[in-house]
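As provided, my_file.cif (mmCIF, C-alpha atoms (C1' of nucleotides)) reads as follows.
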data_entry
loop_
_atom_site.label_atom_id
_atom_site.label_comp_id
_atom_site.auth_asym_id
_atom_site.auth_seq_id
_atom_site.Cartn_x
_atom_site.Cartn_y
_atom_site.Cartn_z
CA MET L 15 120.65 120.02 130.36
CA ASN L 16 124.15 118.79 129.73
CA LYS L 17 123.70 115.73 127.52
CA PRO L 18 127.09 114.07 128.15
CA ASP L 19 126.52 114.33 131.92
CA VAL L 20 123.06 112.79 131.69
CA SER L 21 124.31 109.91 129.55
CA ARG L 22 127.29 109.22 131.78
CA GLU L 23 125.24 109.27 134.98
CA LEU L 24 122.55 107.11 133.45
CA LEU L 25 125.12 104.54 132.32
CA ALA L 26 126.70 104.52 135.78
CA TRP L 27 123.26 103.85 137.25
CA TYR L 28 122.64 101.09 134.71
CA ASP L 29 125.95 99.44 135.56
CA ARG L 30 124.73 99.03 139.12
CA ASN L 31 120.99 98.55 138.60
CA ALA L 32 120.39 96.76 135.30
CA ARG L 33 117.59 94.22 135.59
CA GLY L 34 118.78 90.63 135.24
CA LEU L 35 116.55 89.56 132.36
CA PRO L 36 116.86 86.23 130.53
CA TRP L 37 117.61 87.83 127.16
CA ARG L 38 120.48 89.81 128.64
CA GLU L 39 122.57 86.69 129.23
CA SER L 40 124.00 86.90 125.72
CA HIS L 41 124.10 89.26 122.76
CA ASP L 42 123.19 86.54 120.29
CA PRO L 43 121.26 88.41 117.57
CA TYR L 44 118.66 85.64 117.38
CA ARG L 45 117.93 85.84 121.09
CA VAL L 46 117.87 89.61 121.15
CA TRP L 47 115.51 89.51 118.20
CA VAL L 48 113.14 86.99 119.83
CA SER L 49 112.98 89.06 123.00
CA GLU L 50 112.43 92.37 121.22
CA VAL L 51 109.59 91.00 119.11
CA MET L 52 107.90 89.40 122.12
CA LEU L 53 108.32 92.55 124.19
CA GLN L 54 106.61 94.71 121.59
CA GLN L 55 103.63 96.24 123.43
CA THR L 56 103.91 93.40 125.95
CA ARG L 57 105.04 93.36 129.57
CA VAL L 58 108.28 91.76 130.72
CA ASP L 59 106.53 89.46 133.20
CA THR L 60 104.23 88.21 130.47
CA VAL L 61 107.07 87.58 128.05
CA ILE L 62 109.50 85.66 130.29
CA PRO L 63 107.76 82.25 130.25
CA TYR L 64 107.06 82.53 126.50
CA TYR L 65 110.70 83.43 125.88
CA HIS L 66 112.00 80.35 127.73
CA GLU L 67 109.56 78.02 126.02
CA TRP L 68 110.33 79.49 122.61
CA LEU L 69 114.07 79.02 123.02
CA ALA L 70 113.57 75.46 124.25
CA VAL L 71 111.69 74.62 121.04
CA PHE L 72 113.52 76.96 118.65
CA PRO L 73 117.07 77.40 120.05
CA ASP L 74 118.35 79.04 116.87
CA ILE L 75 117.14 80.59 113.66
CA HIS L 76 117.52 77.36 111.70
CA SER L 77 115.17 75.43 113.94
CA LEU L 78 112.66 78.25 113.61
CA ALA L 79 112.97 78.34 109.84
CA ASP L 80 112.20 74.62 109.73
CA ALA L 81 109.00 75.05 111.75
CA ASN L 82 105.47 75.27 110.38
CA GLU L 83 102.96 77.98 111.11
CA ARG L 84 100.93 75.86 113.50
CA GLN L 85 103.92 75.15 115.74
CA VAL L 86 104.76 78.83 115.82
CA MET L 87 101.21 79.98 116.52
CA HIS L 88 100.84 77.37 119.24
CA LEU L 89 103.89 78.75 121.07
CA TRP L 90 102.58 82.28 120.60
CA GLU L 91 99.02 81.58 121.76
CA GLY L 92 98.01 84.09 124.42
CA LEU L 93 100.71 86.65 123.66
CA GLY L 94 98.57 88.61 121.21
CA TYR L 95 99.48 90.54 118.07
CA TYR L 96 99.82 87.28 116.17
CA SER L 97 101.27 88.81 113.02
CA ARG L 98 104.47 89.10 115.06
CA ALA L 99 104.77 85.31 115.06
CA ARG L 100 104.04 84.93 111.36
CA ASN L 101 106.57 87.65 110.56
CA MET L 102 109.20 85.93 112.68
CA LEU L 103 108.73 82.74 110.73
CA LYS L 104 109.00 84.65 107.44
CA THR L 105 112.16 86.43 108.54
CA ALA L 106 113.76 83.23 109.77
CA GLN L 107 113.05 81.44 106.51
CA LEU L 108 114.27 84.40 104.49
CA LEU L 109 117.53 84.73 106.40
CA VAL L 110 118.26 81.01 106.30
CA GLU L 111 117.59 80.80 102.59
CA GLN L 112 119.38 83.98 101.57
CA GLN L 113 121.87 84.93 104.29
CA ALA L 114 123.02 81.59 105.72
CA GLY L 115 120.89 82.30 108.78
CA CYS L 116 122.73 85.52 109.64
CA PHE L 117 121.12 88.85 110.47
CA PRO L 118 122.41 91.89 108.60
CA ASP L 119 124.06 94.36 110.95
CA LEU L 120 122.94 97.62 109.32
CA VAL L 121 119.73 99.34 110.41
CA VAL L 122 118.65 99.97 106.82
CA GLU L 123 118.97 96.27 106.01
CA LEU L 124 117.35 95.10 109.25
CA LYS L 125 114.33 97.29 108.60
CA LYS L 126 113.65 95.45 105.35
CA LEU L 127 112.88 92.25 107.27
CA PRO L 128 109.25 91.40 108.12
CA GLY L 129 108.34 92.60 111.61
CA ILE L 130 111.46 94.71 112.10
CA GLY L 131 110.88 98.46 112.23
CA ASP L 132 112.70 101.46 113.63
CA TYR L 133 112.85 100.22 117.19
CA ILE L 134 113.91 96.59 116.73
CA ALA L 135 116.39 97.53 114.00
CA GLY L 136 118.02 100.00 116.39
CA ALA L 137 117.93 97.52 119.26
CA LEU L 138 119.63 94.79 117.21
CA ALA L 139 122.22 97.15 115.74
CA SER L 140 123.13 98.60 119.13
CA ILE L 141 122.71 95.62 121.50
CA ALA L 142 123.73 92.70 119.29
CA PHE L 143 126.14 94.47 116.93
CA GLY L 144 127.58 97.22 119.11
CA GLN L 145 126.73 100.08 116.82
CA ASP L 146 125.88 103.64 117.88
CA GLU L 147 122.19 103.44 116.94
CA VAL L 148 119.07 104.72 118.69
CA ALA L 149 116.42 102.29 119.94
CA LEU L 150 113.54 104.54 120.97
CA ASP L 151 110.50 102.90 122.57
CA GLY L 152 107.65 103.95 124.78
CA ASN L 153 109.97 104.16 127.79
CA GLY L 154 112.30 106.50 125.92
CA LEU L 155 109.43 108.73 124.89
CA ARG L 156 108.38 109.05 128.53
CA VAL L 157 111.86 109.43 130.07
CA LEU L 158 113.10 111.95 127.53
CA GLY L 159 109.73 113.64 127.23
CA ARG L 160 109.86 114.43 130.94
CA LEU L 161 113.55 115.24 130.93
CA VAL L 162 113.06 118.13 128.50
CA GLU L 163 109.33 118.78 129.02
CA PHE L 164 108.76 117.91 125.40
CA GLU L 165 105.71 119.76 124.15
CA GLN L 166 104.81 117.90 120.96
CA PRO L 167 102.54 114.83 121.15
CA VAL L 168 104.86 111.82 121.14
CA ASN L 169 102.27 109.49 119.65
CA GLU L 170 102.49 111.36 116.36
CA PRO L 171 105.25 110.80 113.79
CA ALA L 172 106.63 114.33 114.00
CA GLY L 173 106.97 114.16 117.77
CA LYS L 174 108.64 110.76 117.64
CA ALA L 175 111.09 111.98 115.00
CA ALA L 176 112.10 114.93 117.14
CA MET L 177 112.58 112.67 120.16
CA ARG L 178 114.73 110.36 118.07
CA THR L 179 116.93 113.30 117.11
CA LEU L 180 117.29 114.26 120.76
CA MET L 181 118.20 110.72 121.77
CA GLN L 182 120.70 110.46 118.94
CA LYS L 183 122.54 113.46 120.38
CA MET L 184 122.67 111.79 123.78
CA LEU L 185 124.09 108.43 122.60
CA PRO L 186 127.39 107.70 124.36
CA HIS L 187 129.88 106.55 121.76
CA GLY L 188 130.59 102.83 122.03
CA ARG L 189 127.84 102.10 124.58
CA ALA L 190 124.65 102.81 122.69
CA GLY L 191 123.23 99.36 123.46
CA ASP L 192 123.64 99.86 127.20
CA PHE L 193 122.32 103.40 126.93
CA ASN L 194 119.20 102.26 125.09
CA GLN L 195 118.58 99.59 127.71
CA ALA L 196 119.32 102.01 130.54
CA ILE L 197 116.56 104.30 129.28
CA MET L 198 114.19 101.33 129.15
CA ASP L 199 115.09 100.17 132.67
CA LEU L 200 114.71 103.66 134.04
CA GLY L 201 111.31 103.97 132.39
CA ALA L 202 110.19 100.53 133.58
CA THR L 203 111.34 100.79 137.20
CA ILE L 204 111.57 104.48 138.17
CA CYS L 205 110.22 106.89 135.55
CA LEU L 206 106.85 105.12 135.68
CA PRO L 207 103.83 106.29 133.67
CA ARG L 208 101.96 107.13 136.87
CA ASN L 209 103.54 108.02 140.19
CA PRO L 210 107.19 108.01 139.08
CA LEU L 211 109.76 107.35 141.82
CA CYS L 212 111.72 110.53 141.23
CA ALA L 213 113.48 110.33 144.59
CA GLN L 214 115.38 107.30 143.25
CA CYS L 215 116.06 108.73 139.81
CA PRO L 216 119.74 109.04 138.91
CA ILE L 217 119.12 111.95 136.52
CA ARG L 218 116.49 113.92 138.41
CA GLU L 219 118.83 116.89 138.79
CA HIS L 220 118.75 117.24 134.98
CA CYS L 221 114.99 116.72 134.63
CA LEU L 222 112.76 119.69 133.87
CA ALA L 223 109.62 117.77 134.82
CA PHE L 224 111.13 116.97 138.23
CA GLU L 225 112.18 120.59 138.68
CA HIS L 226 108.66 121.83 137.90
CA ALA L 227 106.75 118.86 139.38
CA SER L 228 105.16 118.42 135.96
CA GLN L 229 105.77 114.67 135.58
CA ALA L 230 102.08 113.96 135.12
CA GLN L 231 101.88 116.33 132.16
CA PHE L 232 104.60 114.65 130.13
CA PRO L 233 104.92 113.10 127.68
CA GLN L 234 102.05 114.73 125.82
CA ARG L 235 99.74 112.51 123.81
CA THR L 236 96.80 113.26 121.58
CA LYS L 237 93.51 111.79 122.73
CA LYS L 238 92.21 108.46 121.62
CA LYS L 239 88.81 107.81 120.14
CA PRO L 240 86.15 106.07 122.22
CA ILE L 241 85.82 102.43 121.25
CA PRO L 242 82.63 100.70 120.10
CA GLN L 243 81.19 97.50 121.47
CA TYR L 244 79.97 94.64 119.30
CA ILE L 245 77.60 91.83 120.10
CA VAL L 246 78.99 88.60 118.69
CA VAL L 247 77.66 85.06 118.48
CA ALA L 248 79.62 81.82 118.08
CA ALA L 249 78.39 78.32 117.29
CA VAL L 250 79.55 75.08 118.83
CA ILE L 251 78.27 72.78 116.10
CA ARG L 252 78.33 69.13 117.10
CA LYS L 253 78.38 65.99 114.98
CA GLY L 254 79.11 62.69 116.62
CA GLY L 255 81.74 63.43 119.23
CA CYS L 256 83.25 66.33 117.26
CA VAL L 257 82.82 70.08 117.01
CA LEU L 258 83.40 72.31 114.00
CA VAL L 259 86.23 74.88 114.00
CA ASP L 260 87.51 77.05 111.16
CA LYS L 261 90.71 78.94 110.51
CA ARG L 262 90.58 82.72 110.36
CA LYS L 263 92.05 84.52 107.37
CA ALA L 264 95.77 85.20 107.63
CA ASN L 265 95.53 88.97 108.05
CA GLY L 266 93.32 90.93 110.39
CA LEU L 267 92.11 90.18 113.89
CA LEU L 268 93.49 86.93 115.33
CA GLY L 269 94.84 86.15 111.88
CA GLY L 270 95.70 82.53 111.23
CA LEU L 271 94.10 81.30 114.45
CA TRP L 272 91.23 78.84 114.72
CA GLU L 273 87.77 79.85 115.93
CA PHE L 274 84.25 78.70 116.48
CA PRO L 275 82.28 80.01 113.50
CA GLY L 276 79.98 82.96 114.02
CA GLY L 277 79.94 86.72 113.69
CA LYS L 278 78.44 90.04 114.65
CA GLN L 279 74.81 90.57 115.48
CA GLU L 280 73.12 93.09 113.19
CA GLU L 281 70.64 95.82 114.03
CA GLY L 282 67.22 94.53 115.08
CA GLU L 283 68.30 90.90 115.08
CA ASN L 284 68.16 88.45 117.95
CA LEU L 285 71.16 86.35 118.86
CA GLN L 286 69.87 83.04 117.54
CA SER L 287 68.82 84.37 114.14
CA ALA L 288 72.13 86.24 113.87
CA LEU L 289 73.92 82.96 114.42
CA VAL L 290 71.83 81.12 111.83
CA ARG L 291 72.52 83.88 109.30
CA GLU L 292 76.27 84.02 110.01
CA ILE L 293 76.69 80.27 109.69
CA LYS L 294 74.68 80.25 106.48
CA GLU L 295 76.92 82.98 105.03
CA GLU L 296 80.16 81.57 106.34
CA LEU L 297 79.71 77.83 105.88
CA GLY L 298 76.74 77.51 103.57
CA VAL L 299 74.78 75.26 105.91
CA GLU L 300 71.58 75.61 107.92
CA ILE L 301 71.74 74.99 111.65
CA ALA L 302 69.36 74.54 114.54
CA VAL L 303 70.45 76.61 117.52
CA GLN L 304 70.10 75.00 120.94
CA GLU L 305 71.00 76.40 124.31
CA SER L 306 73.46 79.13 125.27
CA LEU L 307 76.81 77.88 126.54
CA GLY L 308 77.89 81.12 128.14
CA THR L 309 78.79 84.75 127.58
CA TYR L 310 82.30 86.17 127.36
CA ARG L 311 83.39 89.79 127.47
CA HIS L 312 86.67 90.86 125.95
CA ALA L 313 88.36 94.18 125.10
CA TYR L 314 90.55 94.44 122.03
CA THR L 315 92.58 97.52 121.14
CA HIS L 316 89.87 99.42 119.31
CA PHE L 317 86.63 97.73 120.31
CA LYS L 318 84.98 95.51 122.86
CA VAL L 319 82.95 92.40 122.28
CA VAL L 320 80.30 90.48 124.15
CA VAL L 321 80.40 86.95 122.78
CA THR L 322 77.62 84.45 123.39
CA ALA L 323 78.31 80.84 122.43
CA PHE L 324 75.44 78.51 121.49
CA SER L 325 75.43 74.82 120.87
CA ALA L 326 73.96 73.92 117.49
CA GLN L 327 73.67 71.17 114.95
CA ILE L 328 73.48 71.08 111.18
CA LEU L 329 70.01 70.70 109.69
CA LYS L 330 70.92 70.79 106.02
CA GLY L 331 74.09 70.89 103.89
CA GLU L 332 77.78 70.23 104.36
CA PRO L 333 80.41 72.84 105.29
CA ALA L 334 81.85 73.99 101.98
CA ALA L 335 85.62 73.99 102.23
CA LEU L 336 86.01 70.93 104.44
CA ALA L 337 88.72 69.56 102.17
CA ALA L 338 90.88 72.61 102.64
CA ASP L 339 93.02 73.18 105.71
CA GLU L 340 90.56 75.81 106.82
CA ILE L 341 87.79 73.95 108.56
CA GLN L 342 87.75 70.72 110.53
CA TRP L 343 85.67 68.48 112.77
CA VAL L 344 87.66 68.04 115.96
CA GLU L 345 87.20 66.05 119.14
CA PRO L 346 86.96 68.49 122.04
CA ASP L 347 89.98 67.05 123.85
CA LYS L 348 92.09 67.70 120.77
CA LEU L 349 91.15 71.38 120.42
CA GLU L 350 94.24 72.17 122.46
CA GLN L 351 96.29 71.59 119.32
CA TYR L 352 94.42 74.29 117.42
CA PRO L 353 95.83 77.77 118.19
CA MET L 354 93.01 80.12 119.24
CA GLY L 355 92.44 83.57 120.65
CA LYS L 356 91.42 84.02 124.24
CA VAL L 357 87.64 83.92 123.82
CA ASP L 358 87.61 80.86 121.58
CA ARG L 359 89.99 79.10 123.95
CA LEU L 360 87.61 79.79 126.83
CA ILE L 361 84.75 78.32 124.81
CA ALA L 362 86.88 75.30 123.96
CA HIS L 363 87.73 74.74 127.61
CA SER L 364 84.05 74.92 128.54
CA LEU L 365 83.46 71.84 126.40
CA LEU L 366 85.74 69.64 128.47
"C1'" DC D 30 98.85 109.59 108.22
"C1'" DA D 31 95.23 107.24 110.71
"C1'" DC D 32 94.07 103.06 111.67
"C1'" DT D 33 94.68 98.20 112.95
"C1'" DC D 34 96.41 94.56 115.74
"C1'" DG D 35 95.71 91.07 121.89
"C1'" DT D 36 96.19 90.56 126.34
"C1'" DG D 37 96.71 91.40 131.21
"C1'" DG D 38 97.86 94.36 135.07
"C1'" DG D 39 97.31 98.30 137.93
"C1'" DA D 40 95.19 102.64 139.59
"C1'" DT R 14 84.01 99.42 136.32
"C1'" DT R 15 86.62 101.89 133.45
"C1'" DC R 16 90.55 103.58 131.83
"C1'" DC R 17 95.29 103.63 130.52
"C1'" DC R 18 98.90 101.44 128.61
"C1'" DA R 19 103.21 98.03 127.80
"C1'" DA R 20 110.73 96.98 124.69
"C1'" DG R 21 105.89 98.81 117.77
"C1'" DA R 22 105.04 97.40 113.02
"C1'" DG R 23 102.16 96.95 108.86
"C1'" DT R 24 99.02 98.97 105.81
#

How would this structure read if it were set down as structure tokens?
Amino acid sequence: MNKPDVSRELLAWYDRNARGLPWRESHDPYRVWVSEVMLQQTRVDTVIPYYHEWLAVFPDIHSLADANERQVMHLWEGLGYYSRARNMLKTAQLLVEQQAGCFPDLVVELKKLPGIGDYIAGALASIAFGQDEVALDGNGLRVLGRLVEFEQPVNEPAGKAAMRTLMQKMLPHGRAGDFNQAIMDLGATICLPRNPLCAQCPIREHCLAFEHASQAQFPQRTKKKPIPQYIVVAAVIRKGGCVLVDKRKANGLLGGLWEFPGGKQEEGENLQSALVREIKEELGVEIAVQESLGTYRHAYTHFKVVVTAFSAQILKGEPAALAADEIQWVEPDKLEQYPMGKVDRLIAHSLL
DNA sequence: CACTCGTGGGA
DNA sequence: TTCCCAAGAGT
């Protein structure tokens, strides 16, 4: 493979076929940053409406820095990986306080900011600041992995590092940002994970996987572990016209979002007694469980859950931390204002 | 390093 | 249904 030829032909293809995406209308570092964070492990079609709404509410880094966590989480609800949103708020506040709201332009400095790692640092440096830096993502691993029939597993650090070195050698001087995005567009529209459209590929004549019809074998990945399934119960505890919701701890699953209290069923326990136990442990009150409100199945990254929601009421005691900003009685039609994960949102909607 | 962190779409 | 996986980063 002749690397300069591949890069030149790929750029020529990109000049004619670049996708017209909202975040490509300017190279404003703030906008590039917002798009890259949202696009992390998330599809373009999913991101577009969130991107527009975000920019309408937070048009620049100063407006974001002035926001509170609830505003940010509300805009992010449904996108997943919620630590991304909290880290964006942290970075915005940090840059406004310490750098007059300006992003640093060096990769090493960018990577010090919360939520900015190898990929986004390279994307900002190359796309927003015009530097010759690599931005290697899942598309790049697939495109380049096939191009050279890369034998190491690309989901391991050593394999990624070697791919980064390869991509660095291919960077066209002065157009790294376009090159990085060209690789992504090629991976997203032609060099697809399954059934790639090689007949339309501008660099197929350089591609070893195309030559050997081995596209399905690259890139190599090590196997994933099978995921467990948990049985979970949640309580819709009523008092007057209100229901009780609590805020999840900042880190971990659905961190910082609100939920209906509950937890996992233990071995040899029925659903109702599991719920009574969980509420006793979590809130320090005793409840009477009434009827089931429905069952919800959901798959997270490393496990699945089957959630059953029950209506309930308090028999004895008061929820402990009610004074804190961690637990509240809320009228059902106002639950919309409380950012939640998918399952809790479905439960909330069932109450209306 | 291995593991964790959401959601939705497509085969 | 089940599985993979999509512009990764933090711990």

Notebook entry, point to check: Which chain D residues are at most 9 Å from chain L (counting only C-alpha atoms (C1' of nucleotides)), as JSON, numbers by chain?
Noted result: {"D": [30, 33, 34, 35, 36, 37, 40]}

Check: Distance CA of Phe317 (chain L)-CA of Leu360 (chain L), one decimal place?
Finding: 19.1 Å

Notebook entry, point to check: For chain L, which residues have at least one atom within 9 Å of chain R, if we go by all atoms listed in the file? Write them as an MDAnalysis selection string, please.
Noted result: chainID L and resid 49:58 98 128:134 150:153 195 198 207

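The space separating CA of Glu281 (chain L) from CA of Leu297 (chain L) comes to 21.7 Å.
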
Would you kindly translate the PyMOL selection byres ((chain L and resi 35) around 12) into the concrete residues it picks from this file, as a PDB file with C-alpha atoms, keeping the file's coordinate frame?
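So the final result, stored in selection36.pdb, reads:
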ATOM      1  CA  ASN L  31     120.990  98.550 138.600  1.00  0.00           C
ATOM      2  CA  ALA L  32     120.390  96.760 135.300  1.00  0.00           C
ATOM      3  CA  ARG L  33     117.590  94.220 135.590  1.00  0.00           C
ATOM      4  CA  GLY L  34     118.780  90.630 135.240  1.00  0.00           C
ATOM      5  CA  PRO L  36     116.860  86.230 130.530  1.00  0.00           C
ATOM      6  CA  TRP L  37     117.610  87.830 127.160  1.00  0.00           C
ATOM      7  CA  ARG L  38     120.480  89.810 128.640  1.00  0.00           C
ATOM      8  CA  GLU L  39     122.570  86.690 129.230  1.00  0.00           C
ATOM      9  CA  SER L  40     124.000  86.900 125.720  1.00  0.00           C
ATOM     10  CA  ARG L  45     117.930  85.840 121.090  1.00  0.00           C
ATOM     11  CA  VAL L  46     117.870  89.610 121.150  1.00  0.00           C
ATOM     12  CA  SER L  49     112.980  89.060 123.000  1.00  0.00           C
ATOM     13  CA  LEU L  53     108.320  92.550 124.190  1.00  0.00           C
ATOM     14  CA  VAL L  58     108.280  91.760 130.720  1.00  0.00           C
ATOM     15  CA  ASP L  59     106.530  89.460 133.200  1.00  0.00           C
ATOM     16  CA  VAL L  61     107.070  87.580 128.050  1.00  0.00           C
ATOM     17  CA  ILE L  62     109.500  85.660 130.290  1.00  0.00           C
ATOM     18  CA  PRO L  63     107.760  82.250 130.250  1.00  0.00           C
ATOM     19  CA  TYR L  65     110.700  83.430 125.880  1.00  0.00           C
ATOM     20  CA  HIS L  66     112.000  80.350 127.730  1.00  0.00           C
ATOM     21  CA  GLN L 195     118.580  99.590 127.710  1.00  0.00           C
ATOM     22  CA  ASP L 199     115.090 100.170 132.670  1.00  0.00           C
TER      23      ASP L 199
END
